[in-house]
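Enquirer: Once you've had a glance at the structure underneath, I'll fire off some questions.
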Amino acid sequence: MWRNTDESYGWVTILFHWAIAILFLCQIPLGYLTQATENRPALQFELYQWHKSIGFLVLALAVPRLIWVLLTVKPRPLPKTTRLEAIAARTAHLVLLLLTVLVPLAGWAVASASPLRIPSYVFNLVVIPPLPFTPSERQEIFWSNVHAVLAYGGGMIALVHILAALRHHILLRDATLIRMLRPHRD
Amino acid sequence: MLHGSLLSGAVAMLLLSGAAWADTLADVAGRYAIAPSSAISFSVGQVGGGGISGKFPKFSGTIELDPGNIGRSRVTFTLAPGSVTTGEARVEKFLRSDAVFDAAAYPSITFRSIRVTQLDSSTAAIDGILAARGKSRQERFTATLVKYDGRNVTFHVVGDVLRSPYGMDVGTPIYSNVVKFDMIVQGRKF
């Protein structure tokens with residue numbers, strides 16, 4: 001039940017998937033709002049801290065998930081899946097998996113490179129030290145752009161991923177989405 | 001922080017020079033206008049070490065030291081929060097905004113003493129009403145005489161002020177709720 005099998009995802013994979021998916025998808029509008037609230041600086045500051053805290057939580061989940069994915073078996077594609085679909089799905093899954101690590105890492109780089117040196121105080125519980133960057137506005141802008149491109153790119157891939165899952169569930173009526181909701185019982 | 005250590009060094013030198021003169025508060029009694037050469041410095045600590053430090057370059061005020069009774073002395077002080085400098089333009093913009101000082105709506109912060117208590121020959125506690133951002137509260141600063149040349153007087157003034165009573169507690173607990181003032185206040189007799 002906890003581990004994947006050739007036929008089914010286990011609870012570890014399922015819980016990692018949905019926890020990171022929900023947090024990652026919340027981060028995109030939250031990240032957008034940090035840029036859209038410049039005329040409300042107090043709110044903007046609070047939004048930034050929530051965005052950073054959730055980002056570190058995503059990173060804390062995404063790294064063990066990546067290790068888990070490398071260690072565990074992956075269920076076989078469902079029957080009727082074409083070779084092209086299987087390659088596309090596998091590529092999208094791999095890119096999303098990497099982005100859930102890279103996007104928060106790039107965000108950490110932004111906080112570390114910023115001359116503002118605002119501490120990363122995750123959920124007001126623990127201080128995450130900055131990465132060993134020399135703070136400069138140029139570095140901050142560079143990493144902000146990297147962070148935004150990766151995040152919005154990841155958001156678009158996630159959207160395609162969601163639409164593909166819905167296509168399988170609604171149009172093709174197969175178990176693609178269902179098997180990411182609960183482990184298959186033999 | 002470099003700024004802080006330079007200030008500390010300056011304060012130490014002033015304290016030493018003050019000790020050499022050994023003037024007392026009674027010796028320097030008189031009416032003084034606070035000079036622009038004063039340094040109104042502050043710092044706010046942050047979690048994990050470091051913090052924000054800066055100065056208010058625009059201010060004015062008076063010091064009236066009663067020759068017969070230091071306890072009857074009076075201090076008034078006004079500063080322009082919009083003049084704040086920290087060395088980082090974005091921090092200054094944030095501090096001036098309605099998130100902190102709301103300098104557009106509240107262009108001045110004032111302090112009016114209500115009681116001066118002599119602590120020793122050269123030190124006094126100054127209790128007074130600090131008014132900022134439409135809110136008033138009693139605060140205490142401690143002033144130590146460090147230099148006097150017959151016309152100009154220098155005090156080292158320190159005091160801790162909470163941000164939250166003035167509605168300026170944005171950023172807590174990342175940034176401390178306590179603003180530490182460490183000021184060199186110079187007065188010129190008038």
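Ligands are numbered from 1 in the order shown, residues from 1 within each chain, and chains are lettered A, B, ... in the order they appear in the structure tokens.
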What residues in chain A have any atom no more than 9 Å from chain B when counting only C-alpha atoms, and can you write them as a ChimeraX atom specification?

Expert: /A:40-43,45-46,115-121,124,127-129

Enquirer: Leaving out Gly159 (chain B) and any residue of its chain fewer than 6 positions from it, which residues lie within 8 Å of it when counting only C-alpha atoms, given as a tab-separated table (two decimals) with N, CA and C atoms, in the first residue's frame?

Expert:
```
chain	number	residue	atom	x	y	z
B	140	ARG	N	11.14	56.51	27.57
B	140	ARG	CA	12.26	56.98	28.38
B	140	ARG	C	13.56	56.90	27.59
B	141	PHE	N	14.31	57.97	27.66
B	141	PHE	CA	15.65	57.99	27.08
B	141	PHE	C	16.64	58.34	28.19
B	142	THR	N	17.86	57.87	28.03
B	142	THR	CA	18.90	58.18	29.02
B	142	THR	C	19.97	59.01	28.32
B	180	LYS	N	16.18	50.50	18.62
B	180	LYS	CA	17.20	50.97	19.55
B	180	LYS	C	17.75	52.31	19.03
B	181	PHE	N	17.56	53.34	19.80
B	181	PHE	CA	18.10	54.65	19.44
B	181	PHE	C	19.45	54.83	20.14
B	182	ASP	N	20.42	55.28	19.37
B	182	ASP	CA	21.75	55.56	19.92
B	182	ASP	C	22.19	56.87	19.27
```

Enquirer: Rank nothing, just name the residue among B:Ala105, B:Val153, B:Val179, B:Leu25 nearest to Arg133 (chain B), using only C-alpha atoms.

Expert: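 The shortest atom-to-atom distance to Arg133 (chain B) comes from B:Ala105.
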
Enquirer: List the spatial neighbours of region 68-85 of chain A as an NGL selection string - criterion: any atom at most 9 Å away, only C-alpha atoms, same-chain residues fewer than 4 positions off excluded.

Expert: :A and (3-9 or 12-13 or 63-64 or 89-90 or 174-176)

Enquirer: So which residues of region 47-186 of chain A fall under alpha helix (DSSP H) by DSSP, listed as a PyMOL selection string?

Expert: chain A and resi 47-71+83-113+137-166

Enquirer: Could you check which of B:Arg137, B:Lys147, B:Arg96, B:Arg74 is closest to Arg115 (chain B), using only C-alpha atoms?

Expert: B:Arg74

Enquirer: Going by DSSP on the backbone, which residues of region 14-159 of chain B come out as strand (DSSP E or B)? List them as a ChimeraX atom specification.

Expert: /B:30-34,39-46,51-55,59-65,74-79,85,109-120,123-132,135-148,152-159

Enquirer: I need the residues from that last selection saved to file as an mmCIF file, in the first residue's frame (with C-alpha atoms), if you can.

Expert:
```
data_model
loop_
_atom_site.group_PDB
_atom_site.id
_atom_site.type_symbol
_atom_site.label_atom_id
_atom_site.label_comp_id
_atom_site.auth_asym_id
_atom_site.auth_seq_id
_atom_site.Cartn_x
_atom_site.Cartn_y
_atom_site.Cartn_z
ATOM 1 C CA GLY B 30 21.245 76.653 29.976
ATOM 2 C CA ARG B 31 19.047 76.712 26.897
ATOM 3 C CA TYR B 32 20.248 74.925 23.807
ATOM 4 C CA ALA B 33 19.002 74.441 20.303
ATOM 5 C CA ILE B 34 19.716 70.968 19.022
ATOM 6 C CA ALA B 39 23.434 62.097 14.826
ATOM 7 C CA ILE B 40 20.023 60.533 15.328
ATOM 8 C CA SER B 41 20.851 56.889 14.747
ATOM 9 C CA PHE B 42 18.676 53.848 15.197
ATOM 10 C CA SER B 43 18.818 50.124 14.640
ATOM 11 C CA VAL B 44 16.328 47.292 14.499
ATOM 12 C CA GLY B 45 17.643 43.780 15.019
ATOM 13 C CA GLN B 46 16.569 40.856 12.878
ATOM 14 C CA GLY B 51 19.351 44.097 11.098
ATOM 15 C CA ILE B 52 18.532 47.510 9.762
ATOM 16 C CA SER B 53 20.324 50.609 10.944
ATOM 17 C CA GLY B 54 19.924 54.160 9.826
ATOM 18 C CA LYS B 55 19.685 57.815 10.642
ATOM 19 C CA PHE B 59 15.288 67.135 13.078
ATOM 20 C CA SER B 60 15.087 70.046 15.456
ATOM 21 C CA GLY B 61 14.584 70.601 19.132
ATOM 22 C CA THR B 62 15.557 72.340 22.308
ATOM 23 C CA ILE B 63 17.145 71.398 25.606
ATOM 24 C CA GLU B 64 16.516 73.580 28.658
ATOM 25 C CA LEU B 65 18.638 72.534 31.599
ATOM 26 C CA ARG B 74 12.778 70.245 29.531
ATOM 27 C CA VAL B 75 13.485 68.637 26.203
ATOM 28 C CA THR B 76 11.550 68.932 22.972
ATOM 29 C CA PHE B 77 12.475 67.100 19.835
ATOM 30 C CA THR B 78 10.943 66.744 16.402
ATOM 31 C CA LEU B 79 12.214 64.612 13.575
ATOM 32 C CA THR B 85 18.451 57.013 5.496
ATOM 33 C CA ILE B 109 7.556 62.472 15.092
ATOM 34 C CA THR B 110 7.730 64.488 18.284
ATOM 35 C CA PHE B 111 9.016 64.001 21.795
ATOM 36 C CA ARG B 112 8.118 66.283 24.700
ATOM 37 C CA SER B 113 9.684 65.608 28.077
ATOM 38 C CA ILE B 114 7.421 65.374 31.092
ATOM 39 C CA ARG B 115 10.049 64.516 33.681
ATOM 40 C CA VAL B 116 13.820 64.616 33.892
ATOM 41 C CA THR B 117 15.461 62.545 36.615
ATOM 42 C CA GLN B 118 19.121 62.992 37.399
ATOM 43 C CA LEU B 119 20.757 59.583 37.760
ATOM 44 C CA ASP B 120 24.267 60.756 38.570
ATOM 45 C CA THR B 123 23.434 61.301 33.450
ATOM 46 C CA ALA B 124 19.706 61.876 33.418
ATOM 47 C CA ALA B 125 16.656 59.843 32.497
ATOM 48 C CA ILE B 126 14.231 61.770 30.328
ATOM 49 C CA ASP B 127 10.645 60.585 30.370
ATOM 50 C CA GLY B 128 8.347 62.093 27.835
ATOM 51 C CA ILE B 129 5.555 61.640 25.370
ATOM 52 C CA LEU B 130 6.557 60.308 21.994
ATOM 53 C CA ALA B 131 3.982 60.983 19.304
ATOM 54 C CA ALA B 132 4.245 59.085 16.049
ATOM 55 C CA LYS B 135 -0.364 57.667 18.529
ATOM 56 C CA SER B 136 1.240 58.921 21.729
ATOM 57 C CA ARG B 137 2.990 56.995 24.425
ATOM 58 C CA GLN B 138 5.360 57.606 27.291
ATOM 59 C CA GLU B 139 8.952 56.657 26.557
ATOM 60 C CA ARG B 140 12.260 56.980 28.382
ATOM 61 C CA PHE B 141 15.652 57.985 27.079
ATOM 62 C CA THR B 142 18.897 58.184 29.017
ATOM 63 C CA ALA B 143 21.220 61.102 28.318
ATOM 64 C CA THR B 144 24.850 61.231 29.361
ATOM 65 C CA LEU B 145 26.851 64.411 29.155
ATOM 66 C CA VAL B 146 29.979 63.790 27.116
ATOM 67 C CA LYS B 147 31.306 67.207 26.158
ATOM 68 C CA TYR B 148 30.888 70.866 26.932
ATOM 69 C CA ASN B 152 28.157 73.762 22.833
ATOM 70 C CA VAL B 153 27.096 70.660 24.694
ATOM 71 C CA THR B 154 27.076 67.050 23.572
ATOM 72 C CA PHE B 155 24.989 64.251 25.004
ATOM 73 C CA HIS B 156 24.973 60.559 24.241
ATOM 74 C CA VAL B 157 21.331 59.582 24.311
ATOM 75 C CA VAL B 158 20.038 56.023 24.203
ATOM 76 C CA GLY B 159 16.590 54.520 24.422
#
```

Enquirer: With distances taken over only C-alpha atoms, which residue among B:Val178, B:Ala29, B:Val185, B:Val84 lies nearest Leu162 (chain B)?

Expert: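 Closest to Leu162 (chain B), using only C-alpha atoms: B:Val178.
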
Enquirer: Kindly give the distance, in Å, that separates CA of Ala151 (chain A) and CA of Ile54 (chain A), rounded to a single decimal.

Expert: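 Rounded to one decimal, the two atoms are 13.7 Å apart.
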
Enquirer: Near Gly107 (chain A), counting only C-alpha atoms, which residues have an atom at most 12 Å away, once you skip same-chain residues fewer than 5 positions from it, shown as a ChimeraX atom specification?

Expert: /A:27,31,48-49,51-56,58-59,99-102,112-114,120,130-131,140-151

Enquirer: Please, could you write that set of residues out with N, CA and C atoms as an mmCIF file, in the first residue's frame?

Expert:
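Dumped everything to selection_32.cif:
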```
data_model
loop_
_atom_site.group_PDB
_atom_site.id
_atom_site.type_symbol
_atom_site.label_atom_id
_atom_site.label_comp_id
_atom_site.auth_asym_id
_atom_site.auth_seq_id
_atom_site.Cartn_x
_atom_site.Cartn_y
_atom_site.Cartn_z
ATOM 1 N N GLN A 27 1.589 28.510 -4.958
ATOM 2 C CA GLN A 27 2.735 29.423 -5.018
ATOM 3 C C GLN A 27 2.704 30.327 -6.247
ATOM 4 N N GLY A 31 3.066 34.114 -5.783
ATOM 5 C CA GLY A 31 4.245 34.780 -6.337
ATOM 6 C C GLY A 31 3.851 35.962 -7.197
ATOM 7 N N TYR A 48 5.272 38.022 0.692
ATOM 8 C CA TYR A 48 6.616 37.511 0.411
ATOM 9 C C TYR A 48 7.015 36.455 1.444
ATOM 10 N N GLN A 49 6.697 36.729 2.710
ATOM 11 C CA GLN A 49 7.116 35.784 3.753
ATOM 12 C C GLN A 49 6.346 34.469 3.621
ATOM 13 N N HIS A 51 5.142 33.331 0.794
ATOM 14 C CA HIS A 51 5.663 32.720 -0.436
ATOM 15 C C HIS A 51 6.995 32.004 -0.143
ATOM 16 N N LYS A 52 7.846 32.649 0.632
ATOM 17 C CA LYS A 52 9.137 32.041 0.961
ATOM 18 C C LYS A 52 8.941 30.810 1.847
ATOM 19 N N SER A 53 8.074 30.910 2.842
ATOM 20 C CA SER A 53 7.850 29.782 3.754
ATOM 21 C C SER A 53 7.307 28.568 2.996
ATOM 22 N N ILE A 54 6.300 28.805 2.164
ATOM 23 C CA ILE A 54 5.714 27.684 1.399
ATOM 24 C C ILE A 54 6.753 27.130 0.420
ATOM 25 N N GLY A 55 7.557 28.014 -0.150
ATOM 26 C CA GLY A 55 8.604 27.584 -1.086
ATOM 27 C C GLY A 55 9.607 26.647 -0.412
ATOM 28 N N PHE A 56 10.009 26.998 0.803
ATOM 29 C CA PHE A 56 10.944 26.120 1.517
ATOM 30 C C PHE A 56 10.272 24.795 1.879
ATOM 31 N N VAL A 58 7.960 23.344 0.027
ATOM 32 C CA VAL A 58 7.970 22.590 -1.229
ATOM 33 C C VAL A 58 9.339 21.930 -1.423
ATOM 34 N N LEU A 59 10.397 22.712 -1.178
ATOM 35 C CA LEU A 59 11.747 22.164 -1.349
ATOM 36 C C LEU A 59 11.992 21.003 -0.379
ATOM 37 N N LEU A 99 11.452 20.645 -11.582
ATOM 38 C CA LEU A 99 11.070 22.041 -11.309
ATOM 39 C C LEU A 99 10.620 22.237 -9.865
ATOM 40 N N THR A 100 10.020 21.216 -9.278
ATOM 41 C CA THR A 100 9.602 21.376 -7.874
ATOM 42 C C THR A 100 10.815 21.516 -6.954
ATOM 43 N N VAL A 101 11.978 21.126 -7.445
ATOM 44 C CA VAL A 101 13.221 21.347 -6.696
ATOM 45 C C VAL A 101 13.879 22.664 -7.156
ATOM 46 N N LEU A 102 13.927 22.867 -8.471
ATOM 47 C CA LEU A 102 14.673 24.013 -9.013
ATOM 48 C C LEU A 102 13.994 25.362 -8.737
ATOM 49 N N SER A 112 18.850 35.060 -1.180
ATOM 50 C CA SER A 112 20.260 35.086 -0.781
ATOM 51 C C SER A 112 21.035 36.188 -1.487
ATOM 52 N N ALA A 113 20.641 36.493 -2.719
ATOM 53 C CA ALA A 113 21.369 37.492 -3.512
ATOM 54 C C ALA A 113 20.874 38.907 -3.239
ATOM 55 N N SER A 114 19.701 39.031 -2.617
ATOM 56 C CA SER A 114 19.120 40.364 -2.434
ATOM 57 C C SER A 114 19.919 41.205 -1.442
ATOM 58 N N SER A 120 15.188 34.516 5.874
ATOM 59 C CA SER A 120 14.158 33.534 5.516
ATOM 60 C C SER A 120 13.758 32.827 6.808
ATOM 61 N N PRO A 130 21.182 32.011 4.235
ATOM 62 C CA PRO A 130 21.251 32.291 2.793
ATOM 63 C C PRO A 130 22.277 31.390 2.117
ATOM 64 N N LEU A 131 22.112 31.209 0.814
ATOM 65 C CA LEU A 131 23.121 30.518 0.022
ATOM 66 C C LEU A 131 24.352 31.421 -0.056
ATOM 67 N N GLU A 140 20.319 39.696 -7.789
ATOM 68 C CA GLU A 140 18.926 39.546 -7.356
ATOM 69 C C GLU A 140 17.992 39.538 -8.572
ATOM 70 N N ILE A 141 18.232 40.467 -9.488
ATOM 71 C CA ILE A 141 17.389 40.550 -10.691
ATOM 72 C C ILE A 141 17.559 39.288 -11.538
ATOM 73 N N PHE A 142 18.811 38.841 -11.688
ATOM 74 C CA PHE A 142 19.060 37.632 -12.486
ATOM 75 C C PHE A 142 18.295 36.437 -11.908
ATOM 76 N N TRP A 143 18.437 36.211 -10.612
ATOM 77 C CA TRP A 143 17.778 35.044 -10.002
ATOM 78 C C TRP A 143 16.268 35.208 -9.953
ATOM 79 N N SER A 144 15.813 36.449 -9.839
ATOM 80 C CA SER A 144 14.354 36.685 -9.876
ATOM 81 C C SER A 144 13.798 36.266 -11.230
ATOM 82 N N ASN A 145 14.541 36.611 -12.293
ATOM 83 C CA ASN A 145 14.091 36.237 -13.641
ATOM 84 C C ASN A 145 14.116 34.720 -13.824
ATOM 85 N N VAL A 146 15.188 34.088 -13.339
ATOM 86 C CA VAL A 146 15.278 32.624 -13.428
ATOM 87 C C VAL A 146 14.099 31.994 -12.683
ATOM 88 N N HIS A 147 13.863 32.493 -11.474
ATOM 89 C CA HIS A 147 12.780 31.972 -10.628
ATOM 90 C C HIS A 147 11.425 32.110 -11.331
ATOM 91 N N ALA A 148 11.188 33.282 -11.908
ATOM 92 C CA ALA A 148 9.896 33.543 -12.560
ATOM 93 C C ALA A 148 9.723 32.675 -13.801
ATOM 94 N N VAL A 149 10.769 32.589 -14.612
ATOM 95 C CA VAL A 149 10.662 31.793 -15.854
ATOM 96 C C VAL A 149 10.410 30.324 -15.518
ATOM 97 N N LEU A 150 11.161 29.800 -14.551
ATOM 98 C CA LEU A 150 10.977 28.392 -14.165
ATOM 99 C C LEU A 150 9.590 28.173 -13.564
ATOM 100 N N ALA A 151 9.149 29.114 -12.731
ATOM 101 C CA ALA A 151 7.858 28.948 -12.049
ATOM 102 C C ALA A 151 6.696 29.020 -13.040
#
```

Enquirer: Which residue gives the smallest distance to Leu97 (chain A) among A:Gln35, A:Ala158, A:Phe133, A:Leu47, with only C-alpha atoms counted?

Expert: A:Ala158

Enquirer: Between CA of Pro29 (chain A) and CA of Tyr152 (chain A), what distance in Å does the model show, to one decimal?

Expert: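 One can read the CA of Pro29 (chain A) to CA of Tyr152 (chain A) distance as 9.9 Å.
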